[in-house]
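First the structure, in the form of structure tokens, and then the observations on it.
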Amino acid sequence: MSNHALQNAAEILRKSRCTIAFTGAGISVESGIPPFRGPGGVWSKYDPEKFEKGYFKRHPEEVWHLLKEIFYDTQARAKPNPAHLALAELEAAGRLAAVITQNIDGLHQAAGSKTVYEYHGSTRRMQCLDCRTFFDAATISLDILPPPCPHCGGLLKPDFVFFSEAIDFDVHREATELAKGSDVCLIVGTGGEVMPAGRIPLVTRNAGGTVIEINRFETRYSYGFSDIFLQGKAGTMLPKLVDLILG
Ligand SMILES: [Zn+2]
């Protein structure tokens with residue numbers, strides 16, 4: 001990756017009237033959060049079928065033990081890394097309209113990002129499947145599994161999308177509208193394998209926008225689709241790019 005490409009990306013982002021960032025697992029790996037897919041990913045160790053909503057309802061105690069192990073014992077202590085912080089800085093400077101993320105770890109908000117579309121929900125919220133009330137996960141004790149709903153004693157479920165569950169239509173619609181009206185989509189840490197989220201950069205591109213990609217490894221976006229591909233770690237590349245933009 002040449003310095004020229006980085007300069008070029010910074011120039012495009014400086015001139016952009018509306019930029020969105022589209023993020024995925026690669027941005028959170030540097031915070032110690034394993035991706036779902038690929039070697040070492042969550043699905044290489046756990047059976048995805050257990051994260052199907054019907055199975056969860058039939059075996060809530062078993063699945064809650066897994067949820068606690070995967071998300072709440074370790075990931076709850078994860079901290080945002082320089083890539084999350086750089087995006088928050090860009091937004092605070094008025095240079096980034098929103099982050100559209102596939103991640104469920106809440107690290108963009110923890111870094112200070114204000115406008116975040118969580119395509120697949122978040123582990124940081126829970127919803128009661130009986131009375132539908134939402135709770136901040138930090139307020140729910142996991143000493144007893146499954147944790148009972150504080151209001152009605154019903155079954156709480158982390159508010160991220162399980163298999164066989166539909167994504168939140170409002171988030172999908174709003175994120176798509178925003179992507180359509182943006183002139184730059186900055187892809188960070190994702191190859192867009194999961195649909196329909198993976199189409200977000202295509203929406204910007206089809207509306208005449210520019211796609212800038214930061215990924216450690218080549219993805220299906222990298223050649224022929226992304227206008228600029230900046231290969232490297234998000235935690236290294238993004239702060240450099242943001243420094244150039246905000247100069
Ligand atoms: Zn309830």
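Letters for chains follow the order of the structure tokens (A, B, ...), residue numbers begin at 1 for each chain, and ligand numbers begin at 1 in the order shown.
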
List every residue of chain A that has an atom at most 10 Å from any atom of ligand 1, and for each one report the closest atom pair and its distance in Å to one decimal, counting only C-alpha atoms and all ligand atoms, with rows sorted by chain and then by increasing residue number, as a tab-separated table.
residue	atom	partner	partner_atom_place_in_ligand_line	distance
A:Gln127	CA	ligand 1	1 (Zn)	7.8
A:Cys128	CA	ligand 1	1 (Zn)	4.6
A:Leu129	CA	ligand 1	1 (Zn)	6.7
A:Asp130	CA	ligand 1	1 (Zn)	5.1
A:Cys131	CA	ligand 1	1 (Zn)	4.0
A:Arg132	CA	ligand 1	1 (Zn)	6.1
A:Thr133	CA	ligand 1	1 (Zn)	6.0
A:Phe134	CA	ligand 1	1 (Zn)	8.6
A:Phe135	CA	ligand 1	1 (Zn)	9.8
A:Pro148	CA	ligand 1	1 (Zn)	7.8
A:Cys149	CA	ligand 1	1 (Zn)	4.6
A:Pro150	CA	ligand 1	1 (Zn)	6.6
A:His151	CA	ligand 1	1 (Zn)	4.9
A:Cys152	CA	ligand 1	1 (Zn)	4.1
A:Gly153	CA	ligand 1	1 (Zn)	5.7
A:Gly154	CA	ligand 1	1 (Zn)	4.7
A:Leu155	CA	ligand 1	1 (Zn)	6.9
A:Leu156	CA	ligand 1	1 (Zn)	7.3

field: In region 15-230 of chain A, DSSP strand (DSSP E) residues written as a VMD selection string
entry: chain A and resid 19 to 23 98 to 101 116 to 118 121 to 128 134 to 136 156 to 160 184 to 188 210 to 215 228 to 230

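We find CA of Asn3 (chain A) and CA of Glu213 (chain A) to be spaced 14.7 Å apart.
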
- prompt: Taking only C-alpha atoms into account, which of A:Val203, A:Glu61, A:Glu52, A:Ala97 comes nearest Ala166 (chain A)?
  reply: A:Glu52

Each residue of region 151-230 of chain A with at least one atom at most 12 Å from region 28-45 of chain A should appear once, together with its nearest atom pair and the corresponding distance in Å (one decimal); atoms considered: only C-alpha atoms; ordering: chain, then increasing residue number; output as a Markdown table.
| residue | atom | partner | partner_atom | distance |
| --- | --- | --- | --- | --- |
| A:Val188 | CA | A:Ser28 | CA | 10.1 |
| A:Gly189 | CA | A:Ser28 | CA | 8.1 |
| A:Thr190 | CA | A:Pro35 | CA | 10.2 |
| A:Gly191 | CA | A:Arg37 | CA | 11.1 |
| A:Gly192 | CA | A:Arg37 | CA | 11.8 |
| A:Glu193 | CA | A:Arg37 | CA | 9.8 |
| A:Val194 | CA | A:Arg37 | CA | 10.2 |
| A:Asn215 | CA | A:Val29 | CA | 11.8 |
| A:Arg216 | CA | A:Val29 | CA | 10.9 |

query: What is the CA of Ala197 (chain A)-CA of Gly24 (chain A) distance in Å, reported with one decimal?
result: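 According to the coordinates, CA of Ala197 (chain A) and CA of Gly24 (chain A) are separated by 9.9 Å.
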
Identify all residues of region 3-235 of chain A in helix (DSSP H, G or I) (DSSP on the backbone) and supply them as a tab-separated table (two decimals) with C-alpha atoms, in the first residue's frame.
chain	number	residue	atom	x	y	z
A	3	ASN	CA	1.58	6.47	0.80
A	4	HIS	CA	0.04	7.96	-2.29
A	5	ALA	CA	-3.11	5.84	-1.85
A	6	LEU	CA	-3.44	7.05	1.72
A	7	GLN	CA	-3.03	10.70	0.65
A	8	ASN	CA	-5.53	10.17	-2.12
A	9	ALA	CA	-8.07	8.63	0.29
A	10	ALA	CA	-7.60	11.53	2.73
A	11	GLU	CA	-8.19	14.01	-0.08
A	12	ILE	CA	-11.44	12.31	-1.14
A	13	LEU	CA	-12.64	12.16	2.46
A	14	ARG	CA	-11.77	15.82	3.03
A	15	LYS	CA	-13.91	16.84	0.08
A	25	ALA	CA	-15.31	-7.97	12.83
A	26	GLY	CA	-11.87	-6.83	11.62
A	27	ILE	CA	-12.12	-3.56	13.52
A	28	SER	CA	-12.80	-5.31	16.84
A	29	VAL	CA	-10.24	-8.11	16.52
A	30	GLU	CA	-7.62	-5.65	17.78
A	31	SER	CA	-9.73	-5.21	20.93
A	42	VAL	CA	-16.68	-18.24	17.37
A	43	TRP	CA	-18.27	-20.69	14.91
A	44	SER	CA	-15.14	-22.83	14.80
A	45	LYS	CA	-15.65	-23.55	18.50
A	48	PRO	CA	-24.21	-22.09	15.38
A	49	GLU	CA	-27.42	-24.15	15.62
A	50	LYS	CA	-27.57	-23.36	19.32
A	51	PHE	CA	-27.97	-19.70	18.41
A	53	LYS	CA	-34.07	-18.64	18.32
A	54	GLY	CA	-36.25	-21.77	18.55
A	55	TYR	CA	-33.40	-23.76	20.11
A	56	PHE	CA	-32.73	-20.92	22.56
A	57	LYS	CA	-36.37	-20.89	23.69
A	58	ARG	CA	-36.35	-24.65	24.17
A	60	PRO	CA	-32.49	-21.31	27.52
A	61	GLU	CA	-30.20	-22.46	30.33
A	62	GLU	CA	-27.79	-24.28	28.03
A	63	VAL	CA	-27.61	-21.41	25.55
A	64	TRP	CA	-27.25	-18.80	28.28
A	65	HIS	CA	-24.17	-20.62	29.59
A	66	LEU	CA	-22.66	-20.32	26.10
A	67	LEU	CA	-23.70	-16.67	25.76
A	68	LYS	CA	-22.07	-15.85	29.08
A	69	GLU	CA	-18.88	-17.65	28.11
A	70	ILE	CA	-18.64	-16.15	24.62
A	71	PHE	CA	-19.82	-12.60	25.24
A	72	TYR	CA	-20.25	-11.57	28.83
A	75	GLN	CA	-16.04	-9.29	25.69
A	76	ALA	CA	-17.80	-7.13	28.27
A	77	ARG	CA	-14.32	-6.07	29.39
A	82	PRO	CA	-7.40	3.28	18.03
A	83	ALA	CA	-9.57	2.42	15.01
A	84	HIS	CA	-12.83	2.89	16.94
A	85	LEU	CA	-11.44	6.08	18.47
A	86	ALA	CA	-10.39	7.45	15.08
A	87	LEU	CA	-13.93	7.03	13.71
A	88	ALA	CA	-15.38	8.77	16.77
A	89	GLU	CA	-12.90	11.61	16.24
A	90	LEU	CA	-13.91	11.91	12.59
A	91	GLU	CA	-17.59	12.13	13.56
A	92	ALA	CA	-16.89	14.71	16.28
A	107	LEU	CA	-17.34	-0.68	20.99
A	108	HIS	CA	-18.15	2.17	18.59
A	109	GLN	CA	-20.41	3.76	21.21
A	110	ALA	CA	-17.83	3.03	23.91
A	111	ALA	CA	-15.32	4.97	21.78
A	137	ALA	CA	-27.06	-5.70	29.85
A	138	ALA	CA	-24.74	-4.18	32.47
A	139	THR	CA	-27.68	-4.03	34.91
A	169	PHE	CA	-36.20	-3.51	9.38
A	170	ASP	CA	-35.95	0.12	10.55
A	171	VAL	CA	-32.17	-0.13	10.93
A	172	HIS	CA	-31.92	-1.74	7.50
A	173	ARG	CA	-34.09	0.93	5.86
A	174	GLU	CA	-32.39	3.89	7.54
A	175	ALA	CA	-28.88	2.56	6.89
A	176	THR	CA	-29.72	1.91	3.23
A	177	GLU	CA	-31.15	5.42	2.80
A	178	LEU	CA	-28.05	6.90	4.37
A	179	ALA	CA	-25.77	4.81	2.15
A	180	LYS	CA	-27.70	6.02	-0.89
A	197	ALA	CA	-25.52	-5.83	5.44
A	198	GLY	CA	-22.76	-6.53	2.89
A	199	ARG	CA	-24.67	-4.59	0.25
A	200	ILE	CA	-24.26	-1.25	2.04
A	201	PRO	CA	-21.10	-0.25	0.10
A	202	LEU	CA	-22.83	-1.30	-3.14
A	203	VAL	CA	-25.68	1.09	-2.40
A	204	THR	CA	-23.26	4.02	-2.07
A	205	ARG	CA	-21.35	2.92	-5.15
A	206	ASN	CA	-24.52	2.49	-7.25
A	234	ALA	CA	-7.49	-0.87	11.10
A	235	GLY	CA	-5.84	0.32	14.32

task: Find the residue from A:Lys79, A:Ser113, A:Arg95, A:Ile187 that sits nearest to Val242 (chain A); use only C-alpha atoms when measuring.
output: A:Arg95

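The neighbours of Asp159 (chain A) here are the residues that come within 7 Å of it, using only C-alpha atoms and leaving out any residue fewer than 6 positions away in the same chain; they are Gly121, Ser122, Thr123, Arg125, Met126 and Gln127 of chain A.
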
query: How many Å lie between CA of Ala21 (chain A) and CA of Asp183 (chain A), rounded to one decimal?
result: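 Computing the Euclidean distance for CA of Ala21 (chain A) and CA of Asp183 (chain A) yields 11.3 Å.
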